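Shown below: final.txt, with compact mmCIF, C-alpha atoms and all ligand atoms.
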```txt
# COMPACT_ATOMS: atom_id res chain seq x y z
CA MET Y 1 46.82 -95.23 -22.32
CA PRO Y 2 43.61 -94.74 -24.33
CA LEU Y 3 40.41 -94.29 -22.33
CA ARG Y 4 37.94 -97.16 -22.68
CA SER Y 5 34.75 -95.96 -24.37
CA ALA Y 6 31.33 -97.44 -23.56
CA ALA Y 7 31.11 -98.60 -27.19
CA GLY Y 8 34.49 -100.35 -26.95
CA SER Y 9 33.57 -102.11 -23.69
CA GLY Y 10 30.36 -103.54 -25.19
CA LYS Y 11 28.31 -101.78 -22.49
CA VAL Y 12 25.22 -99.70 -23.29
CA PRO Y 13 26.00 -96.09 -22.22
CA ARG Y 14 24.05 -95.04 -19.14
CA ASP Y 15 21.37 -92.38 -19.64
CA PRO Y 16 22.21 -88.94 -18.18
CA VAL Y 17 19.14 -89.35 -15.97
CA HIS Y 18 18.78 -92.92 -14.76
CA HIS Y 19 16.03 -93.50 -12.19
CA PRO Y 20 14.27 -96.67 -13.37
CA LEU Y 21 12.44 -97.36 -10.09
CA PHE Y 22 11.31 -93.77 -9.71
CA ALA Y 23 10.17 -93.77 -13.34
CA ARG Y 24 8.00 -96.82 -12.74
CA TYR Y 25 6.26 -95.48 -9.67
CA TYR Y 26 5.97 -91.94 -11.12
CA ALA Y 27 4.28 -93.40 -14.19
CA ARG Y 28 1.64 -95.01 -11.96
CA LEU Y 29 1.17 -92.40 -9.25
CA SER Y 30 1.06 -89.46 -11.66
CA VAL Y 31 -1.84 -90.96 -13.60
CA ALA Y 32 -3.82 -91.50 -10.38
CA ALA Y 33 -2.99 -87.93 -9.23
CA GLU Y 34 -4.64 -86.47 -12.35
CA THR Y 35 -8.07 -87.04 -10.86
CA ARG Y 36 -7.42 -87.77 -7.16
CA MET Y 37 -5.31 -84.65 -6.56
CA GLY Y 38 -6.86 -82.52 -9.29
CA LEU Y 39 -3.61 -82.35 -11.29
CA GLY Y 40 -5.43 -82.70 -14.61
CA ALA Y 41 -7.27 -79.43 -13.98
CA VAL Y 42 -4.03 -77.74 -12.90
CA ARG Y 43 -2.35 -78.79 -16.16
CA GLY Y 44 -5.28 -77.36 -18.14
CA ARG Y 45 -4.87 -73.99 -16.39
CA LEU Y 46 -1.09 -74.06 -16.81
CA LEU Y 47 -1.25 -74.43 -20.59
CA ALA Y 48 -4.37 -72.39 -21.45
CA GLY Y 49 -3.79 -69.64 -24.01
CA LEU Y 50 -0.38 -70.83 -25.22
CA SER Y 51 0.33 -70.53 -28.93
CA GLY Y 52 3.08 -71.12 -31.49
CA ARG Y 53 6.11 -73.36 -30.93
CA VAL Y 54 6.49 -74.72 -27.41
CA ILE Y 55 9.25 -76.71 -25.74
CA GLU Y 56 8.37 -78.74 -22.65
CA ILE Y 57 11.34 -79.74 -20.50
CA GLY Y 58 11.26 -82.97 -18.50
CA ALA Y 59 7.96 -84.03 -20.01
CA GLY Y 60 7.80 -87.28 -17.99
CA ASN Y 61 5.10 -89.63 -19.25
CA GLY Y 62 3.46 -86.85 -21.27
CA LEU Y 63 0.53 -85.99 -19.03
CA ASN Y 64 0.54 -82.37 -20.22
CA PHE Y 65 0.19 -83.25 -23.89
CA ALA Y 66 -3.59 -83.64 -23.93
CA HIS Y 67 -3.98 -80.17 -22.39
CA TYR Y 68 -2.19 -78.13 -25.08
CA PRO Y 69 -4.65 -75.84 -26.85
CA GLY Y 70 -5.09 -76.04 -30.63
CA THR Y 71 -3.33 -72.67 -30.98
CA VAL Y 72 -0.02 -74.45 -30.23
CA SER Y 73 1.51 -75.39 -33.59
CA GLU Y 74 4.16 -77.81 -32.28
CA VAL Y 75 5.55 -79.13 -29.00
CA VAL Y 76 9.11 -80.39 -28.60
CA ALA Y 77 9.09 -82.51 -25.44
CA ILE Y 78 12.49 -83.17 -23.86
CA GLU Y 79 12.69 -86.22 -21.58
CA PRO Y 80 15.95 -87.87 -20.46
CA GLU Y 81 14.57 -90.93 -18.68
CA ARG Y 82 14.11 -93.93 -20.97
CA LEU Y 83 10.87 -95.47 -19.63
CA LEU Y 84 9.14 -92.11 -19.19
CA ARG Y 85 10.22 -91.09 -22.69
CA GLN Y 86 8.64 -94.24 -24.12
CA LEU Y 87 5.38 -93.46 -22.30
CA ALA Y 88 5.59 -89.85 -23.52
CA LEU Y 89 5.92 -91.13 -27.10
CA GLU Y 90 2.73 -93.15 -26.65
CA ALA Y 91 0.94 -90.11 -25.19
CA ALA Y 92 2.17 -88.00 -28.12
CA MET Y 93 0.52 -90.38 -30.57
CA ARG Y 94 -2.84 -89.99 -28.81
CA CYS Y 95 -2.96 -86.18 -28.68
CA GLU Y 96 -4.14 -83.64 -31.24
CA VAL Y 97 -1.28 -81.13 -31.17
CA PRO Y 98 1.91 -82.40 -32.91
CA VAL Y 99 4.41 -83.46 -30.22
CA ASP Y 100 7.98 -84.50 -30.94
CA VAL Y 101 9.51 -86.40 -28.00
CA VAL Y 102 13.29 -85.98 -27.83
CA PRO Y 103 15.98 -87.25 -25.41
CA GLY Y 104 18.00 -84.57 -23.66
CA VAL Y 105 18.57 -82.71 -20.42
CA ALA Y 106 17.54 -79.25 -19.30
CA GLU Y 107 21.17 -78.23 -18.75
CA ALA Y 108 22.06 -78.76 -22.45
CA LEU Y 109 18.91 -78.53 -24.56
CA PRO Y 110 19.39 -80.13 -27.99
CA VAL Y 111 17.65 -77.29 -29.87
CA LYS Y 112 18.54 -74.02 -31.57
CA SER Y 113 18.62 -70.65 -29.82
CA GLU Y 114 15.53 -68.40 -29.83
CA ALA Y 115 13.50 -71.12 -31.58
CA PHE Y 116 10.46 -71.20 -29.26
CA ASP Y 117 7.57 -68.93 -28.29
CA ALA Y 118 7.12 -70.62 -24.92
CA VAL Y 119 8.82 -73.01 -22.51
CA VAL Y 120 6.82 -75.25 -20.16
CA LEU Y 121 8.34 -76.32 -16.85
CA SER Y 122 6.10 -78.62 -14.88
CA LEU Y 123 7.41 -80.33 -11.75
CA VAL Y 124 10.92 -80.39 -13.19
CA LEU Y 125 13.09 -77.70 -11.52
CA CYS Y 126 12.95 -79.77 -8.32
CA GLY Y 127 14.89 -82.54 -10.06
CA VAL Y 128 17.41 -81.00 -12.44
CA ARG Y 129 21.04 -81.21 -11.34
CA ASP Y 130 21.86 -77.56 -12.01
CA VAL Y 131 18.94 -75.12 -11.82
CA SER Y 132 20.81 -72.01 -12.95
CA ARG Y 133 22.32 -73.77 -15.94
CA ALA Y 134 18.90 -75.19 -16.87
CA LEU Y 135 17.33 -71.72 -16.68
CA SER Y 136 20.07 -70.18 -18.76
CA GLU Y 137 19.24 -72.82 -21.39
CA VAL Y 138 15.56 -71.88 -21.09
CA ARG Y 139 16.54 -68.27 -21.80
CA ARG Y 140 18.67 -69.28 -24.74
CA VAL Y 141 15.96 -71.29 -26.53
CA LEU Y 142 13.15 -68.76 -25.94
CA ARG Y 143 12.72 -65.92 -28.40
CA PRO Y 144 13.06 -62.45 -26.82
CA GLY Y 145 9.68 -61.67 -25.25
CA GLY Y 146 8.87 -65.41 -25.08
CA GLU Y 147 7.04 -66.89 -22.12
CA VAL Y 148 7.82 -69.51 -19.48
CA ARG Y 149 4.80 -71.29 -18.00
CA PHE Y 150 5.73 -72.97 -14.76
CA PHE Y 151 4.07 -75.27 -12.26
CA GLU Y 152 6.55 -76.35 -9.61
CA HIS Y 153 6.65 -77.50 -6.01
CA GLY Y 154 9.17 -76.09 -3.56
CA ILE Y 155 9.87 -74.46 -0.24
CA GLY Y 156 6.76 -73.49 1.73
CA GLY Y 157 4.79 -73.54 4.96
CA GLY Y 158 6.04 -72.39 8.36
CA PRO Y 159 9.52 -72.73 9.90
CA THR Y 160 8.97 -76.36 10.97
CA MET Y 161 7.89 -77.43 7.50
CA ARG Y 162 10.83 -75.58 5.90
CA PHE Y 163 13.23 -77.20 8.34
CA ALA Y 164 11.79 -80.63 7.46
CA GLN Y 165 12.04 -79.92 3.72
CA ARG Y 166 15.72 -78.91 4.03
CA ALA Y 167 16.52 -81.89 6.27
CA LEU Y 168 14.88 -84.32 3.83
CA ASP Y 169 16.82 -82.76 0.94
CA ARG Y 170 20.10 -83.33 2.77
CA THR Y 171 19.27 -86.96 3.58
CA VAL Y 172 16.92 -89.47 2.00
CA TRP Y 173 14.56 -87.57 -0.29
CA PRO Y 174 16.59 -87.10 -3.49
CA ALA Y 175 17.61 -90.78 -3.47
CA LEU Y 176 14.02 -91.94 -2.88
CA ALA Y 177 12.38 -89.60 -5.37
CA GLY Y 178 14.51 -89.70 -8.49
CA GLY Y 179 16.70 -86.68 -7.64
CA CYS Y 180 13.78 -84.47 -6.50
CA HIS Y 181 14.38 -81.69 -3.94
CA LEU Y 182 11.74 -80.24 -1.64
CA SER Y 183 13.28 -76.92 -0.59
CA ARG Y 184 14.07 -75.21 -3.90
CA ASP Y 185 12.52 -71.84 -4.67
CA PRO Y 186 11.45 -71.78 -8.34
CA VAL Y 187 10.24 -68.16 -8.33
CA ALA Y 188 13.54 -66.87 -6.92
CA ALA Y 189 15.46 -69.06 -9.37
CA LEU Y 190 13.55 -67.62 -12.35
CA ARG Y 191 14.11 -64.08 -11.09
CA ASP Y 192 17.82 -64.74 -10.51
CA ALA Y 193 18.09 -66.12 -14.05
CA GLY Y 194 16.91 -62.78 -15.45
CA PHE Y 195 13.26 -63.55 -16.23
CA GLU Y 196 10.53 -60.97 -15.67
CA LEU Y 197 7.98 -62.53 -13.35
CA GLY Y 198 4.39 -62.36 -14.60
CA PRO Y 199 1.38 -63.35 -12.51
CA TYR Y 200 1.89 -66.38 -10.31
CA ARG Y 201 0.00 -67.97 -7.50
CA ARG Y 202 0.77 -70.35 -4.68
CA LEU Y 203 -1.34 -73.47 -4.32
CA LEU Y 204 -1.43 -76.53 -2.12
CA LEU Y 205 -1.62 -80.00 -3.53
CA SER Y 206 -4.05 -81.10 -2.58
CA GLU Y 207 -6.14 -78.22 -1.18
CA GLN Y 208 -8.13 -80.53 1.11
CA GLY Y 209 -5.51 -83.15 2.00
CA PRO Y 210 -2.79 -83.09 4.68
CA ARG Y 211 0.08 -80.61 4.23
CA LEU Y 212 3.11 -82.61 3.22
CA PRO Y 213 6.64 -81.39 2.40
CA ILE Y 214 5.74 -81.80 -1.29
CA SER Y 215 2.43 -79.91 -1.11
CA TYR Y 216 3.71 -76.34 -1.63
CA CYS Y 217 3.32 -75.44 -5.29
CA VAL Y 218 3.45 -72.35 -7.43
CA MET Y 219 2.03 -71.79 -10.90
CA GLY Y 220 2.58 -68.81 -13.15
CA SER Y 221 4.29 -67.08 -16.06
CA ALA Y 222 7.66 -65.45 -16.57
CA TRP Y 223 9.12 -63.75 -19.62
CA ARG Y 224 12.42 -63.49 -21.35
CA PRO Y 225 12.75 -59.70 -21.56
CA ALA Y 226 11.77 -58.41 -24.98
CA ARG Y 227 14.23 -56.45 -27.09
CA PRO Y 228 13.88 -52.72 -26.39
CA GLY Y 229 11.04 -51.21 -28.43
CA SER Y 230 9.03 -54.47 -28.85
CA GLU Y 231 5.89 -55.37 -26.87
CA SER Y 232 5.33 -58.29 -24.50
CA LYS Y 233 2.12 -60.31 -24.24
CA PRO Y 234 -0.28 -60.98 -21.34
CA GLY Y 235 0.46 -64.31 -19.61
CA LEU Y 236 -1.31 -67.00 -17.63
CA ASP Y 237 -4.45 -65.98 -15.78
CA ALA Y 238 -3.17 -66.96 -12.34
CA SER Y 239 -6.23 -65.65 -10.46
C1 LIG C 1 8.31 -85.24 -11.42
S1 LIG C 1 8.60 -85.61 -13.08
C2 LIG C 1 7.49 -84.48 -13.90
C3 LIG C 1 7.11 -84.93 -15.26
C4 LIG C 1 6.17 -84.00 -16.03
N1 LIG C 1 6.77 -82.73 -16.32
C5 LIG C 1 4.87 -83.81 -15.33
O1 LIG C 1 4.44 -82.66 -15.16
O2 LIG C 1 4.25 -84.81 -14.97
C6 LIG C 1 10.19 -84.89 -13.38
C7 LIG C 1 10.69 -85.17 -14.77
O3 LIG C 1 11.91 -84.44 -15.00
C8 LIG C 1 12.81 -85.31 -15.67
N2 LIG C 1 14.19 -84.83 -15.41
C9 LIG C 1 15.01 -85.11 -14.38
N3 LIG C 1 16.19 -84.50 -14.53
C10 LIG C 1 16.11 -83.81 -15.68
C11 LIG C 1 17.03 -82.96 -16.38
N4 LIG C 1 18.25 -82.71 -15.91
N5 LIG C 1 16.61 -82.42 -17.54
C12 LIG C 1 15.37 -82.66 -18.02
N6 LIG C 1 14.46 -83.44 -17.39
C13 LIG C 1 14.84 -84.00 -16.24
C14 LIG C 1 12.52 -86.67 -15.09
O4 LIG C 1 13.01 -87.71 -15.91
C15 LIG C 1 11.00 -86.61 -15.01
O5 LIG C 1 10.42 -86.98 -16.22
```
Take the structure in the file and write it out as structure tokens.
Amino acid sequence: MPLRSAAGSGKVPRDPVHHPLFARYYARLSVAAETRMGLGAVRGRLLAGLSGRVIEIGAGNGLNFAHYPGTVSEVVAIEPERLLRQLALEAAMRCEVPVDVVPGVAEALPVKSEAFDAVVLSLVLCGVRDVSRALSEVRRVLRPGGEVRFFEHGIGGGPTMRFAQRALDRTVWPALAGGCHLSRDPVAALRDAGFELGPYRRLLLSEQGPRLPISYCVMGSAWRPARPGSESKPGLDAS
């Protein structure tokens, strides 16, 4: 018996990432967090000094776009969620650096191998379905010696906080927060995927506010190892 295709059934195929409620509240809360939690300044630090062709994965509503320096020649922004992608398109039209917003998922990036000088991961490894597959895609699309700039939240705090993060991940949190996980370890994941860790620093969001399971962040650089005999570049100033 032939399988029924979505086209044949008259149904619109479901997006690979489908979190319409999360998308709506992320679109609102993230804009407020730019000033209230100082995220705008964090994004500026994350992207400072980048140059050449950049791919940003899980670009959300495009809040990083305004922070790319003029030395970046082009940004390809991958975003799987429909509403956030529409908002990212609008943000792309307002910013100075050329940004191409493209549907896709981290686990199967719709771009050629070794095509980018840098990859930007900002608050996205917490939510991808398969971290190691996503990072092997990051490696594939980066040129040898290319840089990953990351700003992620993850496991942190003392034993009680870590216990709470793991418990929330096993129960309600991913369903409430669009597939997000609280207890992943982005630095270990990058190392395990074969990246050379550059400078990185831990930070709390926000520094003054209460410590919540989502407060434990890390920002830094990592590199796809260069081919033997070629030089690598200095990364993010994470001081
Ligand atoms: C918390 S938001 C962060 C958005 C943006 N990077 C920022 O810094 O504001 C996480 C984003 O990752 C996207 N996402 C979720 N799963 C993904 C996947 N498998 N591949 C790529 N992006 C994904 C979501 O749609 C959402 O836009």
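For the set Y:Gly127, Y:Gly220, Y:Gly62, Y:Pro228, the residue with the smallest atom-to-atom gap to Ala48 (chain Y) is Y:Gly220, counting all atoms listed in the file.
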- prompt: Could you state the separation of CA of Val75 (chain Y) and CA of His181 (chain Y) in Å, given to one decimal place?
  reply: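 Taking CA of Val75 (chain Y) as the start and CA of His181 (chain Y) as the end point, the length is 26.7 Å.
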- request: Determine, counting all atoms listed in the file, which protein, DNA and RNA residues have an atom within 12 Å of an atom of Arg202 (chain Y); residues of the same chain fewer than 2 positions away are not included. Present the result as a list in words.
  value: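 Near neighbours after the sequence-gap exclusion: Phe150, Phe151, Glu152, His153, Gly154, Ile155, Gly156, Gly157, Asp185, Pro186, Val187, Pro199, Tyr200, Leu204, Leu205, Ser206, Glu207, Ser215, Tyr216, Cys217, Val218, Met219, Gly220, Ala238 and Ser239 of chain Y.
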Check which residues of chain Y sit at most 7 Å from ligand LIG 1 (chain C) using all atoms listed in the file, and return one row each with the closest pair of atoms and their distance in Å to one decimal, ordered by chain and rising number, as a tab-separated table.
```
residue	atom	partner	partner_atom	distance
Y:Val17	CA	C:LIG1	N3	5.9
Y:Ser30	CA	C:LIG1	O2	6.5
Y:Ile57	CA	C:LIG1	C12	5.6
Y:Gly58	CA	C:LIG1	N6	3.4
Y:Ala59	CA	C:LIG1	N1	4.1
Y:Gly60	CA	C:LIG1	O5	3.2
Y:Asn61	CA	C:LIG1	C3	6.5
Y:Gly62	CA	C:LIG1	C4	6.6
Y:Leu63	CA	C:LIG1	O2	5.6
Y:Asn64	CA	C:LIG1	O1	6.4
Y:Ile78	CA	C:LIG1	C12	6.5
Y:Glu79	CA	C:LIG1	N6	5.3
Y:Pro80	CA	C:LIG1	O4	5.4
Y:Glu81	CA	C:LIG1	O4	4.5
Y:Leu84	CA	C:LIG1	O5	6.1
Y:Gly104	CA	C:LIG1	C12	6.5
Y:Val105	CA	C:LIG1	N5	3.5
Y:Ala106	CA	C:LIG1	N5	3.7
Y:Glu107	CA	C:LIG1	N4	6.1
Y:Leu121	CA	C:LIG1	N1	6.6
Y:Ser122	CA	C:LIG1	O1	4.4
Y:Leu123	CA	C:LIG1	C2	4.7
Y:Val124	CA	C:LIG1	O3	4.5
Y:Gly127	CA	C:LIG1	C9	5.0
Y:Val128	CA	C:LIG1	N4	4.0
Y:Arg129	CA	C:LIG1	N4	5.6
```
message: Residues near Gly44 (chain Y), anyone? I mean within 10 Å using all atoms listed in the file, not counting same-chain ones fewer than 3 positions away, as a list in words.
response: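 The contact residues come out as Leu39, Gly40, Ala41, Leu47, Ala48, Gly49, Asn64, Phe65, Ala66, His67, Tyr68 and Pro69 of chain Y.
One finds CA of Val99 (chain Y) at 20.8 Å from CA of Arg140 (chain Y).
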Give as a PDB file with C-alpha atoms, in the frame of the given file every residue, naming chains and numbers as the document does, that has an atom within 10 Å of (13.8, -65.0, -9.9), counting all atoms listed in the file.
```pdb
ATOM      1  CA  ASP Y 185      12.520 -71.840  -4.670  1.00  0.00           C
ATOM      2  CA  PRO Y 186      11.450 -71.780  -8.340  1.00  0.00           C
ATOM      3  CA  VAL Y 187      10.240 -68.160  -8.330  1.00  0.00           C
ATOM      4  CA  ALA Y 188      13.540 -66.870  -6.920  1.00  0.00           C
ATOM      5  CA  ALA Y 189      15.460 -69.060  -9.370  1.00  0.00           C
ATOM      6  CA  LEU Y 190      13.550 -67.620 -12.350  1.00  0.00           C
ATOM      7  CA  ARG Y 191      14.110 -64.080 -11.090  1.00  0.00           C
ATOM      8  CA  ASP Y 192      17.820 -64.740 -10.510  1.00  0.00           C
ATOM      9  CA  ALA Y 193      18.090 -66.120 -14.050  1.00  0.00           C
ATOM     10  CA  GLY Y 194      16.910 -62.780 -15.450  1.00  0.00           C
ATOM     11  CA  PHE Y 195      13.260 -63.550 -16.230  1.00  0.00           C
ATOM     12  CA  GLU Y 196      10.530 -60.970 -15.670  1.00  0.00           C
ATOM     13  CA  LEU Y 197       7.980 -62.530 -13.350  1.00  0.00           C
ATOM     14  CA  ALA Y 222       7.660 -65.450 -16.570  1.00  0.00           C
TER      15      ALA Y 222
END
```
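Remark: for Val111 (chain Y), the closest of the candidate residues Y:Cys180, Y:Met93, Y:Ala226, Y:Val141 is Y:Val141 (distances computed over only C-alpha atoms).
Between CA of Arg227 (chain Y) and CA of Arg143 (chain Y) lies a distance of 9.7 Å.
Nearest residue to Arg85 (chain Y), choosing from Y:Asp169, Y:Asp15, Y:Glu147, Y:Glu137 and counting all atoms listed in the file: Y:Asp15.
You can rank Y:Pro213, Y:His19, Y:Leu87, Y:Ser132 by their closest distance to Pro159 (chain Y) using all atoms listed in the file, and at the top of that list sits Y:Pro213.
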